[in-house]
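Enquirer: Sharing a structure below in structure tokens format, with a few things to ask.
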Amino acid sequence: MTRFTGIDDLLDRTELGVSDWHLVDQDRIDRFAEVTGDHQWIHTDPERAARESPFGGTIAHGALTLSLCMTFLTEVVQVDGISLVVNGGFDKVRFQAPVPAGTRLRGLVTLRESRRIDGGARLVLRTRAEIEGSTRPACLADQILALYAGPA
């Protein structure tokens, strides 16, 4: 984790840090399917996916990969003096490569844009969801956040 002493310290950086590796195994994929109701066989039927999928097995939902970007971000960035973070959504998301069950992912977070707002800053952070052993990322996601200074 990268700890920043405040908003100014964060705004002085471009590369914010890299998360730990996270296993995306079949159990995690199945639990995500239960929560979202997306039970498409490419995600939840290992036998069929082994036979019929161009990937040779099940793959993670794109939305699961995207949701992990939040996990990566919370692992990477800690800003002292922030009382509130408001998620403004994702401005741009690109899925670059499938995530086969059993794959490990981590997030590389960079600051793409920033501007001061009343009481804080508006940021655009890019998370690159990296696949262990691959040069091609699973996902690139630009997230908009507003950080507000104040007592924690």
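Letters A, B, ... go to the chains of the structure tokens in the order shown; residues in each chain start at 1; ligands are counted from 1 in the same order.
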For Gly56 of chain A, list every protein, DNA or RNA residue within 12 Å, evaluated using only C-alpha atoms, and leave out those in the same chain fewer than 6 positions away; present the list as a PyMOL selection string.

Expert: chain A and resi 42-43+45-50+98-101

Enquirer: Would you put the residues from that selection into a file with N, CA and C atoms, as a PDB file, in the first residue's frame?

Expert:
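Output below, filename part_31.pdb:
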```pdb
ATOM      1  N   ILE A  42     -20.094 -20.312 -19.976  1.00  0.00           N
ATOM      2  CA  ILE A  42     -18.665 -19.985 -20.183  1.00  0.00           C
ATOM      3  C   ILE A  42     -17.992 -19.652 -18.841  1.00  0.00           C
ATOM      4  N   HIS A  43     -18.822 -19.274 -17.855  1.00  0.00           N
ATOM      5  CA  HIS A  43     -18.305 -18.938 -16.529  1.00  0.00           C
ATOM      6  C   HIS A  43     -18.496 -20.064 -15.515  1.00  0.00           C
ATOM      7  N   ASP A  45     -19.756 -23.566 -16.027  1.00  0.00           N
ATOM      8  CA  ASP A  45     -19.807 -24.990 -16.371  1.00  0.00           C
ATOM      9  C   ASP A  45     -18.436 -25.443 -16.886  1.00  0.00           C
ATOM     10  N   PRO A  46     -17.548 -25.857 -15.975  1.00  0.00           N
ATOM     11  CA  PRO A  46     -16.184 -26.211 -16.375  1.00  0.00           C
ATOM     12  C   PRO A  46     -16.115 -27.319 -17.440  1.00  0.00           C
ATOM     13  N   GLU A  47     -16.986 -28.332 -17.345  1.00  0.00           N
ATOM     14  CA  GLU A  47     -16.934 -29.430 -18.317  1.00  0.00           C
ATOM     15  C   GLU A  47     -17.311 -28.939 -19.711  1.00  0.00           C
ATOM     16  N   ARG A  48     -18.409 -28.215 -19.801  1.00  0.00           N
ATOM     17  CA  ARG A  48     -18.834 -27.696 -21.102  1.00  0.00           C
ATOM     18  C   ARG A  48     -17.815 -26.697 -21.645  1.00  0.00           C
ATOM     19  N   ALA A  49     -17.319 -25.832 -20.778  1.00  0.00           N
ATOM     20  CA  ALA A  49     -16.334 -24.844 -21.219  1.00  0.00           C
ATOM     21  C   ALA A  49     -15.065 -25.520 -21.727  1.00  0.00           C
ATOM     22  N   ALA A  50     -14.676 -26.627 -21.111  1.00  0.00           N
ATOM     23  CA  ALA A  50     -13.492 -27.368 -21.571  1.00  0.00           C
ATOM     24  C   ALA A  50     -13.725 -27.931 -22.977  1.00  0.00           C
ATOM     25  N   PRO A  98      -9.128 -12.506 -21.738  1.00  0.00           N
ATOM     26  CA  PRO A  98      -9.950 -13.296 -20.812  1.00  0.00           C
ATOM     27  C   PRO A  98      -9.155 -13.681 -19.569  1.00  0.00           C
ATOM     28  N   VAL A  99      -9.889 -13.962 -18.493  1.00  0.00           N
ATOM     29  CA  VAL A  99      -9.285 -14.370 -17.226  1.00  0.00           C
ATOM     30  C   VAL A  99      -9.733 -15.807 -16.945  1.00  0.00           C
ATOM     31  N   PRO A 100      -8.912 -16.795 -17.318  1.00  0.00           N
ATOM     32  CA  PRO A 100      -9.282 -18.193 -17.062  1.00  0.00           C
ATOM     33  C   PRO A 100      -9.355 -18.480 -15.562  1.00  0.00           C
ATOM     34  N   ALA A 101     -10.273 -19.374 -15.184  1.00  0.00           N
ATOM     35  CA  ALA A 101     -10.357 -19.799 -13.793  1.00  0.00           C
ATOM     36  C   ALA A 101      -8.992 -20.305 -13.343  1.00  0.00           C
TER      37      ALA A 101
END
```

Enquirer: Extract, using only C-alpha atoms, all DNA, RNA and protein residues at most 10 Å from Leu140 of chain A, discarding same-chain residues fewer than 2 positions from it, and format them as a list in words.

Expert: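 Final neighbour list, sorted by chain and number: Thr65, Leu66, Cys69, Lys92, Val93, Arg94, Phe95, Gln96, Gly107, Leu108, Val109, Arg126, Thr127, Arg128, Ala129, Glu130, Pro137, Ala138, Asp142 and Gln143 of chain A.
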
Enquirer: When distances are computed from only C-alpha atoms, which of A:Trp21, A:Gly133, A:Gly120, A:Leu111 shows the smallest separation from Ile82 of chain A?

Expert: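 Nearest to Ile82 of chain A: A:Gly120.
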
Enquirer: Let's see if you can do this: from backbone DSSP, list all alpha helix (DSSP H) residues in segment 19-66 of chain A, as an MDAnalysis selection string.

Expert: chainID A and resid 26:36 41:44 46:52 62:66

Enquirer: Write out as an MDAnalysis selection string the residues lying within 6 Å of Arg104 of chain A, counting only C-alpha atoms and excluding same-chain residues fewer than 6 positions away.

Expert: chainID A and resid 21:24 132

Enquirer: For those residues, write N, CA and C atoms to a file as a PDB file, in the first residue's frame.

Expert:
```pdb
ATOM      1  N   TRP A  21      -1.432  -9.945  -5.396  1.00  0.00           N
ATOM      2  CA  TRP A  21      -2.069 -10.850  -6.351  1.00  0.00           C
ATOM      3  C   TRP A  21      -3.334 -11.419  -5.724  1.00  0.00           C
ATOM      4  N   HIS A  22      -4.376 -11.603  -6.562  1.00  0.00           N
ATOM      5  CA  HIS A  22      -5.655 -12.157  -6.125  1.00  0.00           C
ATOM      6  C   HIS A  22      -6.035 -13.316  -7.033  1.00  0.00           C
ATOM      7  N   LEU A  23      -6.338 -14.445  -6.419  1.00  0.00           N
ATOM      8  CA  LEU A  23      -6.726 -15.631  -7.167  1.00  0.00           C
ATOM      9  C   LEU A  23      -8.181 -15.513  -7.633  1.00  0.00           C
ATOM     10  N   VAL A  24      -8.379 -15.731  -8.924  1.00  0.00           N
ATOM     11  CA  VAL A  24      -9.719 -15.784  -9.499  1.00  0.00           C
ATOM     12  C   VAL A  24      -9.966 -17.251  -9.843  1.00  0.00           C
ATOM     13  N   GLU A 132      -1.087 -12.615 -14.089  1.00  0.00           N
ATOM     14  CA  GLU A 132       0.221 -13.174 -13.766  1.00  0.00           C
ATOM     15  C   GLU A 132       0.747 -13.987 -14.955  1.00  0.00           C
TER      16      GLU A 132
END
```
